[in-house]
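These notes are about the structure you will find just below.
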Amino acid sequence: MKKITSYIPHQIWNERGSNIALFIEIFLVSIIVWYLVDVTANILLVYYEPTNYSTDRCYRVSYEELPESSPFWTKEGQEIPVSDMRQHFIDELSNLPEVEDVAVSDQLHDGVYRNTIILKASGDSVKETPIFVASCSVNTPRFFQYQSIDGKTTEELMAVLERGEAIVTERVAELFGRDRVMGPHRLAAPFEKDIDSVDIVIGAVIKTPKNDRWSDHDGARKPARMWTHTPVHDAQHLINSRSFHCDFAVKAKPGQEQALEETLRKRMENCGMNYANNYLDNLRSYESIEHEESTPNRSFLRYITLGLLFLLMNVFLGLLGAFWLRTQQRQAEIGLQKAIGAKSSTLVWRLIAEAMLIMTAAFLLAVPAAYAILTNELTMDYHGEYFTLSRLLRGEVLSYLLMTAIIMLGIAFPAWRAAKTNPTDVLHDE
């Protein structure tokens with residue numbers, strides 16, 4: 001085998017005319033395969049990132065105002081404070097036998113920044129960054145199983161909210177600096193009437209809850225968000241104003257999901273759960289919400305996958321045809337080497353080794369092309385970044401392995417078939 005493999009470089013040079021064409025083909029194919037692998041890897045990496053929270057057995061319930069034409073509408077209902085109305089609904093939901101817990105917030109995990117106070121922080125950055133602030137109930141960290149970056153339990157996170165301090169995401173910590181994020185801060189409030197700035201105390205930092213598994217935008221992965229148990233200023237509008245809308249999050253007891261859905265839907269019929277000229281409506285599981293919001297991204301991934309499979313099939317068939325033809329053209333050579341005692345396995349190995357040497361040389365030449373594509377931002381960005389060394393290496397390694405598998409499959413069968421041919425028949429035909 002050593003004697004035969006020593007001929008490989010000479011064989012490649014002797015057939016340089018056809019090998020140059022093959023080299024160019026593999027070079028172009030390597031760039032295409034790398035690009036497709038890079039895009040697909042980015043999408044999958046985003047999808048499989050941890051969400052850092054749980055919505056298992058969780059449902060969202062909204063409330064709506066009754067029209068004056070409704071038989072349930074009363075003038076007295078208008079006099080009831082909004083805070084009392086919300087507390088009534090919390091108690092009513094909590095008393096259902098199928099319910100384990102109820103949380104409330106003006107901004108839950110649907111990816112919509114609604115009714116939030118928008119603050120601004122410069123931190124160490126020149127460009128000011130908005131921070132979306134939501135008021136929530138104390139049990140929200142336990143309800144959604146938020147994860148502290150420094151190992152705090154959900155009970156400790158709840159204690160932070162109970163003290164009137166804020167819980168922020170890692171993005172906020174990056175803005176202030178991780179070593180300075182904890183403690184008091186003064187933030188600008190550019191969209192609040194009669195308020196120039198707000199004083200807050202940050203008591204904990206959590207891993208960013210990822211609203212959309214399929215999306216790479218900042219709103220899904222690295223939003224600058226803040227949760228407080230009470231509004232961060234004295235306006236109290238998140239508690240007492242009807243213009244701000246809160247949603248209720250309801251968690252079913254284990255095994256009671258279907259029963260809870262049936263109970264709530266039945267009781268909600270015809271505004272059955274109403275109080276103070278408001279009624280509960282629009283029961284939806286968080287799984288269905290996330291599924292609906294990720295539909296465009298899932299469709300995009302499906303098209304990318306189908307395109308990848310189509311192109312890879314073309315690559316496979318193209319390489320298969322190229323190496324099959326090369327093998328057929330070398331029938332006499334294979335027959336002669338069989339006649340002088342070469343083993344079939346040795347001949348197959350030599351053909352594969354030739355192909356791998358050509359492929360490796362073309363692939364190495366394609367690496368600078370991939371680098372240029374990344375640095376010129378001609379592919380999909382990954383969390384706002386186009387080029388990182390790890391991304392380049394990841395894509396190249398995966399592409400090389402994939403190309404190796406394609407070439408192995410493309411050459412092994414025709415090479416083995418040719419090597420098994422009776423050498424007498426081949427030489428006679430020649």
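Chain identifiers are assigned as A, B, and so on, following the order in which chains appear in the structure tokens; residues are numbered from 1 within each chain, and ligands are numbered from 1 in order of appearance.
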Could you list, as an mmCIF file with N, CA and C atoms, in the first residue's frame, every residue within 10 Å of Ala41 in chain A, counting only C-alpha atoms and ignoring same-chain residues fewer than 2 positions away?
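Ended up saving to out15.cif:
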```
data_model
loop_
_atom_site.group_PDB
_atom_site.id
_atom_site.type_symbol
_atom_site.label_atom_id
_atom_site.label_comp_id
_atom_site.auth_asym_id
_atom_site.auth_seq_id
_atom_site.Cartn_x
_atom_site.Cartn_y
_atom_site.Cartn_z
ATOM 1 N N TYR A 35 -21.185 28.345 3.293
ATOM 2 C CA TYR A 35 -22.195 29.390 3.493
ATOM 3 C C TYR A 35 -23.488 28.789 4.038
ATOM 4 N N LEU A 36 -23.929 27.689 3.449
ATOM 5 C CA LEU A 36 -25.171 27.053 3.900
ATOM 6 C C LEU A 36 -25.026 26.484 5.306
ATOM 7 N N VAL A 37 -23.877 25.880 5.572
ATOM 8 C CA VAL A 37 -23.635 25.348 6.914
ATOM 9 C C VAL A 37 -23.603 26.472 7.945
ATOM 10 N N ASP A 38 -22.980 27.596 7.594
ATOM 11 C CA ASP A 38 -22.885 28.730 8.513
ATOM 12 C C ASP A 38 -24.270 29.279 8.840
ATOM 13 N N VAL A 39 -25.111 29.481 7.827
ATOM 14 C CA VAL A 39 -26.465 30.003 8.056
ATOM 15 C C VAL A 39 -27.276 29.042 8.914
ATOM 16 N N ILE A 43 -28.817 29.582 12.863
ATOM 17 C CA ILE A 43 -30.239 29.442 13.204
ATOM 18 C C ILE A 43 -30.417 28.416 14.314
ATOM 19 N N LEU A 44 -29.742 27.279 14.193
ATOM 20 C CA LEU A 44 -29.893 26.225 15.196
ATOM 21 C C LEU A 44 -29.294 26.632 16.538
ATOM 22 N N LEU A 45 -28.164 27.339 16.519
ATOM 23 C CA LEU A 45 -27.559 27.780 17.767
ATOM 24 C C LEU A 45 -28.489 28.743 18.506
ATOM 25 N N VAL A 46 -29.128 29.641 17.753
ATOM 26 C CA VAL A 46 -30.082 30.562 18.372
ATOM 27 C C VAL A 46 -31.250 29.785 18.959
ATOM 28 N N TYR A 47 -31.747 28.820 18.198
ATOM 29 C CA TYR A 47 -32.915 28.065 18.658
ATOM 30 C C TYR A 47 -32.626 27.290 19.939
ATOM 31 N N TYR A 382 -24.831 36.966 13.690
ATOM 32 C CA TYR A 382 -25.115 36.128 14.859
ATOM 33 C C TYR A 382 -25.046 37.013 16.088
ATOM 34 N N ARG A 391 -16.609 31.364 15.054
ATOM 35 C CA ARG A 391 -17.628 31.121 14.027
ATOM 36 C C ARG A 391 -16.986 30.625 12.735
ATOM 37 N N ARG A 394 -15.779 27.059 13.305
ATOM 38 C CA ARG A 394 -16.918 26.149 13.411
ATOM 39 C C ARG A 394 -17.471 25.818 12.026
ATOM 40 N N GLY A 395 -17.687 26.854 11.226
ATOM 41 C CA GLY A 395 -18.243 26.625 9.907
ATOM 42 C C GLY A 395 -17.307 25.836 9.002
ATOM 43 N N LEU A 398 -17.148 22.037 10.173
ATOM 44 C CA LEU A 398 -18.364 21.322 9.796
ATOM 45 C C LEU A 398 -18.447 21.137 8.284
#
```
Find the residues around Leu409 in chain A up to 9 Å (only C-alpha atoms counted), leave out those fewer than 5 positions away in its own chain, and share them as a list of chain:residue names.
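Listed by chain and then number, they are A:Phe316, A:Leu320, A:Thr404.
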For the selection just defined, write its residues with C-alpha atoms to a file, as a short mmCIF file (atom, residue, chain, number, x, y, z; two decimals), in the first residue's frame.
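After the write, again-v9.cif holds the following:
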```cif
data_model
loop_
_atom_site.label_atom_id
_atom_site.label_comp_id
_atom_site.auth_asym_id
_atom_site.auth_seq_id
_atom_site.Cartn_x
_atom_site.Cartn_y
_atom_site.Cartn_z
CA PHE A 316 -23.49 15.01 -4.12
CA LEU A 320 -20.60 11.44 -7.74
CA THR A 404 -15.42 14.61 3.21
#
```
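Among A:Thr208, A:Met273, A:Cys246, A:Pro254, the residue with the shortest atom-to-atom distance to Phe72 in chain A, counting only C-alpha atoms, is A:Met273.
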Selection near Met158 in chain A, 8 Å with only C-alpha atoms, sequence-local residues under 5 positions removed, as a list in words
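My reading of the contact set: Val138, Asn139, Thr140, Pro141 and Arg142 of chain A.
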Name all residues at most 7 Å from Leu187 in chain A (count only C-alpha atoms; drop same-chain ones fewer than 4 positions away) and give them as a CSV table (one decimal) with C-alpha atoms, in the first residue's frame.
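Done, and the output landed in part_35.csv:
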```
chain,number,residue,atom,x,y,z
A,119,LEU,CA,-35.8,54.8,30.8
A,120,LYS,CA,-32.4,55.6,29.3
A,121,ALA,CA,-29.0,54.7,30.6
A,197,SER,CA,-35.0,61.3,35.9
A,198,VAL,CA,-35.8,58.3,38.1
A,199,ASP,CA,-33.9,56.9,41.1
```
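The spacing separating CA of Leu325 in chain A from CA of Ser399 in chain A amounts to 24.5 Å.
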For a quick check of understanding, using only C-alpha atoms, which of A:Phe248, A:Tyr400, A:Phe310, A:Tyr146 has the smallest distance to Ser94 in chain A?
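Distance minimum relative to Ser94 in chain A lands on A:Phe248.
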Separation of CA of Ile407 in chain A and CA of Gln329 in chain A, in Å?
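These two atoms are separated by 17.9 Å.
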Which residues in range 43-167 of chain A does DSSP call helix (DSSP H, G or I)? List them as a VMD selection string.
chain A and resid 43 to 47 76 to 79 82 to 94 140 to 144 154 to 162
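Atom pair CA of Ile167 in chain A / CA of Glu92 in chain A: separated by 27.8 Å.
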Quick one: everything within 9 Å of Tyr275 in chain A, counting only C-alpha atoms, minus sequence neighbours fewer than 2 positions away in the same chain. Send it as a ChimeraX atom specification.
/A:72-73,77,85,88-89,273,277-280
Counting only C-alpha atoms, which residue out of A:Ala103, A:Ile373, A:Leu378, A:Ala415 sits closest to Arg326 in chain A?
A:Ala415
Using only C-alpha atoms, find the one residue out of A:Pro71, A:Gly410, A:Pro368, A:Pro184 that sits nearest to Ile200 in chain A.
A:Pro184
For Phe363 in chain A, the nearest of the candidates A:Val250, A:Val104, A:Ile289, A:Leu402, counting only C-alpha atoms:
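That would be A:Leu402, the residue with the smallest distance to Phe363 in chain A.
Proximity to Val33 in chain A was assessed for A:Leu309, A:Leu364, A:Met380, A:Leu161 counting only C-alpha atoms; the smallest distance is recorded for A:Leu309.
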For Arg284 in chain A: contacts at 9 Å, only C-alpha atoms, fewer than 2 positions along chain excluded, given as an MDAnalysis selection string
chainID A and resid 58:61 261 282 286:289
